[in-house]
$ cat query-v7.cif   # mmCIF, C-alpha atoms
data_target
#
loop_
_atom_site.label_atom_id
_atom_site.label_comp_id
_atom_site.auth_asym_id
_atom_site.auth_seq_id
_atom_site.Cartn_x
_atom_site.Cartn_y
_atom_site.Cartn_z
CA MET A 853 40.40 234.83 77.59
CA THR A 854 36.75 233.84 78.03
CA LYS A 855 35.92 233.33 81.65
CA LYS A 856 35.16 229.72 82.67
CA LEU A 857 31.78 230.96 83.88
CA ILE A 858 30.72 232.05 80.38
CA SER A 859 31.94 228.75 78.90
CA HIS A 860 29.96 226.91 81.56
CA PHE A 861 26.80 228.88 80.81
CA ARG A 862 27.28 227.98 77.13
CA LYS A 863 27.24 224.25 77.91
CA TYR A 864 23.55 224.72 78.75
CA VAL A 865 22.30 227.93 77.13
CA GLU A 866 23.16 230.41 74.39
CA ILE A 867 25.05 233.57 75.35
CA ASP A 868 25.49 236.32 72.78
CA PRO A 869 29.17 237.37 72.70
CA ASN A 870 28.04 241.00 73.10
CA ASP A 871 26.38 240.11 76.39
CA GLU A 872 29.53 238.63 77.97
CA PRO A 873 30.84 241.87 79.53
CA VAL A 874 27.34 242.83 80.70
CA ILE A 875 26.84 239.44 82.37
CA LEU A 876 30.27 239.55 83.99
CA SER A 877 29.59 243.06 85.33
CA TYR A 878 27.09 241.49 87.78
CA PHE A 879 29.94 239.50 89.35
CA GLU A 880 32.84 240.52 91.53
CA PRO A 881 36.12 238.67 90.86
CA LEU A 882 37.78 237.77 94.17
CA LEU A 883 40.98 235.97 94.99
CA PHE A 884 41.41 233.99 98.21
CA ALA A 885 44.61 232.61 99.65
CA LYS A 886 44.86 229.00 100.84
CA LYS A 887 42.92 228.59 104.13
CA GLU A 888 41.33 232.04 103.80
CA ASN A 889 37.61 232.19 104.68
CA LEU A 890 35.09 233.48 102.14
CA THR A 891 32.25 233.42 104.67
CA HIS A 892 32.42 233.30 108.43
CA ASN A 893 30.21 231.43 110.86
CA ASN A 894 27.24 233.57 111.90
CA SER A 895 27.95 236.36 109.39
CA GLN A 896 25.53 237.39 106.66
CA CYS A 897 25.61 235.11 103.61
CA LYS A 898 26.03 237.72 100.87
CA PHE A 899 27.34 235.83 97.86
CA HIS A 900 26.92 232.88 95.56
CA TYR A 901 30.37 231.76 94.41
CA PHE A 902 31.46 230.27 91.10
CA VAL A 903 34.94 228.74 91.16
CA GLU A 904 37.09 229.90 88.23
CA ASN A 905 40.30 228.30 89.53
CA GLY A 906 41.01 226.53 92.78
CA CYS A 907 39.06 224.59 95.37
CA LEU A 908 36.69 225.56 98.17
CA ARG A 909 35.07 223.65 100.98
CA MET A 910 32.05 224.36 103.15
CA PHE A 911 32.05 223.19 106.75
CA TYR A 912 30.58 223.80 110.18
CA ILE A 913 32.13 223.53 113.59
CA CYS A 914 30.74 220.79 115.87
CA ASP A 915 30.26 221.22 119.61
CA LYS A 916 33.62 219.58 120.19
CA GLY A 917 35.31 222.17 117.94
CA ILE A 918 35.81 219.68 115.12
CA GLU A 919 35.40 221.00 111.55
CA GLN A 920 32.88 218.89 109.61
CA THR A 921 33.19 219.38 105.83
CA ILE A 922 29.91 218.87 103.98
CA GLN A 923 30.76 220.09 100.50
CA PHE A 924 33.53 220.89 98.04
CA ALA A 925 33.66 223.05 94.92
CA ILE A 926 36.34 222.99 92.24
CA GLU A 927 36.42 224.67 88.82
CA ASP A 928 32.94 225.18 87.29
CA TRP A 929 31.11 224.50 90.55
CA TRP A 930 28.87 226.81 92.49
CA ILE A 931 28.76 227.02 96.26
CA THR A 932 26.99 228.90 99.03
CA ASP A 933 24.67 228.28 101.98
CA TYR A 934 21.53 228.46 99.82
CA LEU A 935 19.04 228.92 102.62
CA ALA A 936 20.96 231.85 104.12
CA PHE A 937 21.73 233.26 100.64
CA GLU A 938 18.07 233.34 99.62
CA LYS A 939 17.02 234.94 102.90
CA GLN A 940 20.15 237.12 103.08
CA ALA A 941 20.47 235.76 106.60
CA ARG A 942 23.37 234.70 108.79
CA THR A 943 25.04 231.45 107.75
CA GLU A 944 25.86 228.50 110.01
CA PHE A 945 28.59 227.40 107.61
CA ILE A 946 32.08 228.55 106.78
CA ILE A 947 33.34 228.54 103.19
CA GLN A 948 37.12 228.33 102.99
CA ALA A 949 39.72 228.12 100.23
CA VAL A 950 41.42 224.70 100.24
CA GLU A 951 44.02 226.11 97.85
CA LYS A 952 44.57 229.57 96.30
CA THR A 953 41.19 230.18 94.63
CA ASP A 954 39.73 232.65 92.10
CA VAL A 955 35.99 233.03 92.32
CA LEU A 956 33.30 235.09 90.67
CA ALA A 957 30.95 236.24 93.45
CA ILE A 958 27.41 237.43 92.83
CA SER A 959 25.19 239.08 95.43
CA TYR A 960 21.57 238.00 95.88
CA ASN A 961 20.19 241.20 94.35
CA ASN A 962 22.55 241.02 91.41
CA GLN A 963 21.63 237.39 90.79
CA GLU A 964 17.93 238.26 90.75
CA LYS A 965 18.58 241.15 88.33
CA LEU A 966 20.81 239.00 86.10
CA LEU A 967 18.19 236.26 85.83
CA LYS A 968 15.49 238.78 85.03
CA LYS A 969 17.61 240.30 82.26
CA TYR A 970 18.77 236.94 80.86
CA PRO A 971 15.91 234.45 81.41
CA GLN A 972 17.90 231.68 79.73
CA LEU A 973 19.99 231.65 82.93
CA GLU A 974 16.89 230.54 84.85
CA HIS A 975 17.09 227.39 82.71
CA TYR A 976 20.81 227.10 83.46
CA PHE A 977 20.35 227.39 87.22
CA ARG A 978 17.30 225.12 87.17
CA LEU A 979 19.50 222.38 85.68
CA ILE A 980 22.42 223.13 88.02
CA TYR A 981 20.21 222.86 91.10
CA GLN A 982 18.32 219.85 89.74
CA ARG A 983 21.61 217.98 89.37
CA ALA A 984 22.97 219.16 92.71
CA TYR A 985 19.79 218.02 94.44
CA ALA A 986 19.83 214.70 92.55
CA ALA A 987 23.38 214.08 93.77
CA THR A 988 22.31 214.57 97.41
CA GLN A 989 19.56 211.94 97.03
CA HIS A 990 22.15 209.41 95.93
CA ARG A 991 24.77 210.58 98.45
CA SER A 992 22.25 209.96 101.20
CA LYS A 993 21.92 206.34 99.98
CA TYR A 994 25.67 205.80 99.65
CA LEU A 995 26.35 207.12 103.15
CA HIS A 996 23.93 204.55 104.55
CA THR A 997 24.74 201.50 102.49
CA LEU A 998 28.45 201.63 101.69
CA SER A 999 31.32 200.81 104.02
CA SER A 1000 33.86 203.60 104.56
CA GLU A 1001 36.20 201.83 102.20
CA GLN A 1002 33.59 201.48 99.43
CA LEU A 1003 32.65 205.15 99.95
CA TYR A 1004 36.23 206.26 99.44
CA HIS A 1005 36.60 204.20 96.24
CA LEU A 1006 33.30 205.49 94.84
CA PHE A 1007 34.34 209.07 95.60
CA ASN A 1008 37.80 208.53 94.19
CA ASN A 1009 36.43 207.06 90.94
CA LYS A 1010 33.87 209.84 90.53
CA PHE A 1011 36.06 212.76 91.57
CA PRO A 1012 39.75 211.80 91.23
CA GLU A 1013 40.59 215.54 91.21
CA PHE A 1014 39.46 215.89 94.82
CA THR A 1015 41.41 213.00 96.25
CA ARG A 1016 44.49 214.43 94.57
CA ARG A 1017 43.98 218.06 95.64
CA VAL A 1018 42.21 217.99 98.99
CA PRO A 1019 44.29 217.47 102.17
CA GLN A 1020 43.70 214.08 103.71
CA HIS A 1021 42.19 215.27 107.01
CA ILE A 1022 39.57 217.35 105.14
CA LEU A 1023 38.67 214.50 102.80
CA ALA A 1024 38.41 212.16 105.80
CA SER A 1025 36.04 214.60 107.53
CA TYR A 1026 33.84 214.72 104.40
CA LEU A 1027 33.77 210.92 104.17
CA ASN A 1028 33.01 210.55 107.90
CA MET A 1029 36.17 208.67 108.79
CA THR A 1030 39.35 209.41 110.70
CA PRO A 1031 42.41 210.58 108.72
CA GLU A 1032 44.21 207.46 109.99
CA TYR A 1033 41.56 205.16 108.53
CA LEU A 1034 41.60 207.01 105.19
CA SER A 1035 45.36 206.64 105.16
CA GLU A 1036 45.04 202.88 105.73
CA ILE A 1037 42.55 202.55 102.84
CA LYS A 1038 44.84 204.47 100.49
CA ALA A 1039 47.86 202.40 101.51
CA LYS A 1040 45.90 199.19 100.93
CA LYS A 1041 44.92 200.45 97.44
CA ARG A 1042 48.54 201.23 96.58
CA SER A 1043 49.75 197.81 97.70
CA THR A 1044 47.09 195.95 95.65
CA SER A 1045 47.25 198.07 92.48
CA MET B 1144 -11.84 223.76 91.42
CA THR B 1145 -8.36 225.05 90.60
CA LYS B 1146 -5.81 222.33 90.93
CA LYS B 1147 -3.35 222.73 93.83
CA LEU B 1148 -0.57 222.64 91.24
CA ILE B 1149 -1.79 225.82 89.53
CA SER B 1150 -2.18 227.58 92.89
CA HIS B 1151 1.35 226.51 93.77
CA PHE B 1152 2.74 227.85 90.49
CA ARG B 1153 0.97 231.15 91.23
CA LYS B 1154 2.81 231.52 94.54
CA TYR B 1155 5.96 232.08 92.46
CA VAL B 1156 4.95 233.10 88.93
CA GLU B 1157 2.01 234.45 86.96
CA ILE B 1158 -0.25 232.01 85.13
CA ASP B 1159 -2.85 233.31 82.71
CA PRO B 1160 -6.21 231.65 83.52
CA ASN B 1161 -6.53 230.72 79.82
CA ASP B 1162 -3.31 228.72 80.08
CA GLU B 1163 -4.50 226.55 82.99
CA PRO B 1164 -6.05 223.74 80.88
CA VAL B 1165 -3.10 223.80 78.47
CA ILE B 1166 -0.61 223.49 81.34
CA LEU B 1167 -2.60 220.70 82.99
CA SER B 1168 -2.77 218.79 79.69
CA TYR B 1169 0.95 218.06 80.07
CA PHE B 1170 0.21 216.12 83.26
CA GLU B 1171 -1.45 212.80 83.91
CA PRO B 1172 -3.67 212.65 87.04
CA LEU B 1173 -3.06 209.38 88.86
CA LEU B 1174 -4.53 207.92 92.03
CA PHE B 1175 -2.60 205.50 94.21
CA ALA B 1176 -3.93 203.36 97.05
CA LYS B 1177 -2.17 203.25 100.41
CA LYS B 1178 1.08 201.24 100.12
CA GLU B 1179 0.86 201.16 96.31
CA ASN B 1180 4.16 201.76 94.50
CA LEU B 1181 4.47 204.61 91.97
CA THR B 1182 7.94 203.51 90.89
CA HIS B 1183 9.63 200.17 91.35
CA ASN B 1184 13.24 199.42 92.14
CA ASN B 1185 15.26 199.04 88.93
CA SER B 1186 12.44 200.19 86.65
CA GLN B 1187 12.68 203.24 84.37
CA CYS B 1188 12.04 206.52 86.19
CA LYS B 1189 9.42 208.00 83.88
CA PHE B 1190 7.69 210.70 85.93
CA HIS B 1191 8.08 213.71 88.15
CA TYR B 1192 5.22 213.70 90.68
CA PHE B 1193 3.37 216.62 92.25
CA VAL B 1194 1.21 215.65 95.24
CA GLU B 1195 -2.33 217.08 95.00
CA ASN B 1196 -3.63 215.14 98.03
CA GLY B 1197 -1.97 212.52 100.17
CA CYS B 1198 1.54 211.53 101.16
CA LEU B 1199 4.36 209.73 99.38
CA ARG B 1200 7.72 208.43 100.52
CA MET B 1201 10.87 207.49 98.63
CA PHE B 1202 13.00 204.66 99.94
CA TYR B 1203 15.55 202.05 98.98
CA ILE B 1204 16.06 198.51 100.21
CA CYS B 1205 19.27 197.84 102.13
CA ASP B 1206 21.28 194.65 101.83
CA LYS B 1207 19.51 193.29 104.90
CA GLY B 1208 16.12 193.86 103.26
CA ILE B 1209 15.33 196.87 105.44
CA GLU B 1210 13.46 199.77 103.82
CA GLN B 1211 15.36 203.04 104.33
CA THR B 1212 13.14 206.10 103.76
CA ILE B 1213 15.06 209.14 102.51
CA GLN B 1214 12.27 211.53 101.57
CA PHE B 1215 8.60 212.39 102.00
CA ALA B 1216 6.20 214.46 99.91
CA ILE B 1217 2.82 215.79 101.03
CA GLU B 1218 0.50 218.29 99.33
CA ASP B 1219 2.34 220.83 97.12
CA TRP B 1220 5.59 218.86 97.12
CA TRP B 1221 7.41 217.37 94.17
CA ILE B 1222 9.19 214.05 94.23
CA THR B 1223 11.19 211.76 91.96
CA ASP B 1224 14.66 210.24 91.63
CA TYR B 1225 16.05 213.30 89.83
CA LEU B 1226 19.18 211.66 88.46
CA ALA B 1227 17.23 208.78 86.91
CA PHE B 1228 14.44 211.14 85.77
CA GLU B 1229 16.83 213.42 83.88
CA LYS B 1230 18.60 210.50 82.23
CA GLN B 1231 15.36 208.52 81.84
CA ALA B 1232 17.30 205.70 83.43
CA ARG B 1233 16.44 202.95 85.90
CA THR B 1234 15.87 204.13 89.45
CA GLU B 1235 17.42 202.69 92.60
CA PHE B 1236 14.54 204.04 94.68
CA ILE B 1237 10.94 203.09 95.26
CA ILE B 1238 8.25 205.77 95.57
CA GLN B 1239 5.25 204.55 97.53
CA ALA B 1240 1.95 206.03 98.73
CA VAL B 1241 1.92 206.32 102.54
CA GLU B 1242 -1.82 207.01 102.34
CA LYS B 1243 -4.30 207.19 99.44
CA THR B 1244 -2.66 209.79 97.17
CA ASP B 1245 -3.64 211.88 94.13
CA VAL B 1246 -0.71 213.02 92.04
CA LEU B 1247 -0.14 214.90 88.83
CA ALA B 1248 2.58 213.07 86.94
CA ILE B 1249 4.65 214.63 84.18
CA SER B 1250 7.00 212.74 81.88
CA TYR B 1251 10.50 214.04 81.17
CA ASN B 1252 9.65 215.01 77.57
CA ASN B 1253 6.45 216.74 78.62
CA GLN B 1254 8.30 218.66 81.34
CA GLU B 1255 10.87 219.86 78.81
CA LYS B 1256 8.10 220.93 76.41
CA LEU B 1257 6.11 222.64 79.17
CA LEU B 1258 9.11 224.66 80.32
CA LYS B 1259 9.91 225.68 76.78
CA LYS B 1260 6.34 226.89 76.23
CA TYR B 1261 6.06 228.63 79.64
CA PRO B 1262 9.54 229.93 80.52
CA GLN B 1263 8.23 231.42 83.78
CA LEU B 1264 8.09 227.82 85.01
CA GLU B 1265 11.88 227.65 84.67
CA HIS B 1266 11.92 230.34 87.37
CA TYR B 1267 9.44 228.33 89.46
CA PHE B 1268 11.47 225.11 89.25
CA ARG B 1269 14.74 226.98 89.81
CA LEU B 1270 13.34 228.20 93.13
CA ILE B 1271 11.83 224.81 94.04
CA TYR B 1272 15.14 223.05 93.45
CA GLN B 1273 17.17 225.83 95.11
CA ARG B 1274 15.11 225.38 98.29
CA ALA B 1275 15.15 221.60 98.15
CA TYR B 1276 18.92 221.64 97.78
CA ALA B 1277 19.28 224.22 100.57
CA ALA B 1278 17.28 221.95 102.88
CA THR B 1279 19.64 219.04 102.22
CA GLN B 1280 22.67 221.16 103.21
CA HIS B 1281 21.07 221.85 106.58
CA ARG B 1282 19.73 218.28 106.99
CA SER B 1283 23.28 217.05 106.55
CA LYS B 1284 24.34 219.26 109.47
CA TYR B 1285 21.43 218.25 111.70
CA LEU B 1286 22.04 214.54 111.11
CA HIS B 1287 25.61 214.98 112.33
CA THR B 1288 25.15 217.35 115.22
CA LEU B 1289 21.78 216.58 116.80
CA SER B 1290 20.91 213.67 119.06
CA SER B 1291 18.07 211.43 117.84
CA GLU B 1292 15.77 213.12 120.32
CA GLN B 1293 16.68 216.65 119.17
CA LEU B 1294 16.27 215.51 115.56
CA TYR B 1295 12.76 214.26 116.23
CA HIS B 1296 11.75 217.52 117.96
CA LEU B 1297 13.20 219.64 115.17
CA PHE B 1298 11.38 217.56 112.57
CA ASN B 1299 8.15 217.63 114.56
CA ASN B 1300 8.29 221.42 114.95
CA LYS B 1301 9.07 221.97 111.28
CA PHE B 1302 6.69 219.40 109.82
CA PRO B 1303 3.96 218.56 112.36
CA GLU B 1304 1.85 217.18 109.49
CA PHE B 1305 4.32 214.36 108.93
CA THR B 1306 4.57 213.15 112.50
CA ARG B 1307 0.77 213.04 112.56
CA ARG B 1308 0.27 211.27 109.23
CA VAL B 1309 3.29 209.03 108.72
CA PRO B 1310 3.35 205.58 110.39
CA GLN B 1311 5.84 205.42 113.21
CA HIS B 1312 8.16 202.77 111.70
CA ILE B 1313 8.54 204.83 108.50
CA LEU B 1314 9.25 208.05 110.40
CA ALA B 1315 11.77 206.17 112.56
CA SER B 1316 13.54 204.88 109.43
CA TYR B 1317 13.75 208.44 108.05
CA LEU B 1318 15.16 209.75 111.33
CA ASN B 1319 17.66 206.88 111.58
CA MET B 1320 16.31 205.42 114.79
CA THR B 1321 14.41 202.29 115.79
CA PRO B 1322 10.58 202.51 116.05
CA GLU B 1323 10.95 201.59 119.75
CA TYR B 1324 13.24 204.55 120.42
CA LEU B 1325 10.93 206.94 118.54
CA SER B 1326 8.07 205.63 120.65
CA GLU B 1327 10.07 206.33 123.84
CA ILE B 1328 10.80 209.92 122.73
CA LYS B 1329 7.14 210.55 121.92
CA ALA B 1330 6.01 209.07 125.27
CA LYS B 1331 8.55 211.26 127.11
CA LYS B 1332 7.22 214.32 125.27
CA ARG B 1333 3.62 213.50 126.21
CA SER B 1334 4.52 213.01 129.89
CA THR B 1335 6.38 216.35 130.09
CA SER B 1336 3.93 218.47 128.08
#
$ encode --input "query-v7.cif" --output "structure tokens"
Amino acid sequence: MTKKLISHFRKYVEIDPNDEPVILSYFEPLLFAKKENLTHNNSQCKFHYFVENGCLRMFYICDKGIEQTIQFAIEDWWITDYLAFEKQARTEFIIQAVEKTDVLAISYNNQEKLLKKYPQLEHYFRLIYQRAYAATQHRSKYLHTLSSEQLYHLFNNKFPEFTRRVPQHILASYLNMTPEYLSEIKAKKRSTS
Amino acid sequence: MTKKLISHFRKYVEIDPNDEPVILSYFEPLLFAKKENLTHNNSQCKFHYFVENGCLRMFYICDKGIEQTIQFAIEDWWITDYLAFEKQARTEFIIQAVEKTDVLAISYNNQEKLLKKYPQLEHYFRLIYQRAYAATQHRSKYLHTLSSEQLYHLFNNKFPEFTRRVPQHILASYLNMTPEYLSEIKAKKRSTS
């Protein structure tokens, strides 16, 4: 079975079938159990992760000990702390499996080597980052202008997978609301739909 | 005089001196007066801008008519609404000159052609976007965890150029505080330093 990663590359660039095993040899397949941490707070950020199956979240711990989720990744998404990854420095974030998750992990050095050997992947990552960055520009606007309820509906329309798969308290943390308030919004939706 | 853009490319990739005029021919040099708009709300997002000299900001207008600044760009920075640029769609943001500003503007089609002709620029943009995206991950954390005062000091330490050049009400909008509160913080800093 072709790995999802190769299929994803092929949405943007050409990959010669003979190169598939070579490309995959730069990655380490890893399996994480639900709630297992891929990276730990203040540990070196070694890998860039591609989700083959499952769901990850990235969060930090506030002064009060509360976990604040800032990002999710499901199938075909990439995730890491990019600043720490590029500098191979310690990360301030924790990446954790929301459900049992298969990833392909690539180290910084391997990623650099891979992109040198297959320059078409520079194009791939340029587009991936361009879109990820674009999304943050718009997220920044939504967070300011939409009510919590509008934010939930926007998120739910755009990413129905997440609202189905992610536990309510984690989704609430990402949307900057209490789990109780999120629960109220969902109940209201059910009663009006 | 070598354009700042070419020098910036050379920080990341090699550019043959013979290619300089060819590369620059893909760009349109434009000069904007202070407070002049480069893009207008709800107009097509045609260009990606590189700042040669000056300072730009990107903002949107809230329901109450307030201008909310989400991004700045000074010398050597790129700016556009990336989602609208990639789709060549209408933008929800306004890009405006904070001071008299020289830019090099590239259209979407020209950028695609340029990157095809000079694939090393895929590497350049991959790194530019990777860093821009990395910064947003950390900004998201700072906005949640730091007090307004800490946020100002962090910003001032990281980007002293901005606090010097950007009018106070615009900086306050970016940092999510009132101009009066920003003024208080700055006064407090002066009296303790």
$ atom_distance --input "query-v7.cif" --atom1 "CA of Ala1240 in chain B" --atom2 "CA of Tyr1203 in chain B"
14.2 Å
$ resolve_selection --input "query-v7.cif" --expression "the PyMOL selection byres ((chain B) within 10 of (chain A))" --output "PyMOL selection string"
chain B and resi 1201-1206+1211-1214+1223-1229+1235-1236+1258-1259+1262-1281+1283-1284+1287-1289+1319
$ atom_distance --input "query-v7.cif" --atom1 "CA of Gln1020 in chain A" --atom2 "CA of Leu857 in chain A"
28.6 Å
$ closest_residue --input "query-v7.cif" --among "A:Ala885, A:Ile858, A:Ile946, A:Leu1023" --to "Pro873 in chain A" --atoms "only C-alpha atoms"
A:Ile858
$ closest_residue --input "query-v7.cif" --among "A:Cys897, A:Ala941, A:Ile926, A:Leu956" --to "Leu883 in chain A" --atoms "only C-alpha atoms"
A:Leu956
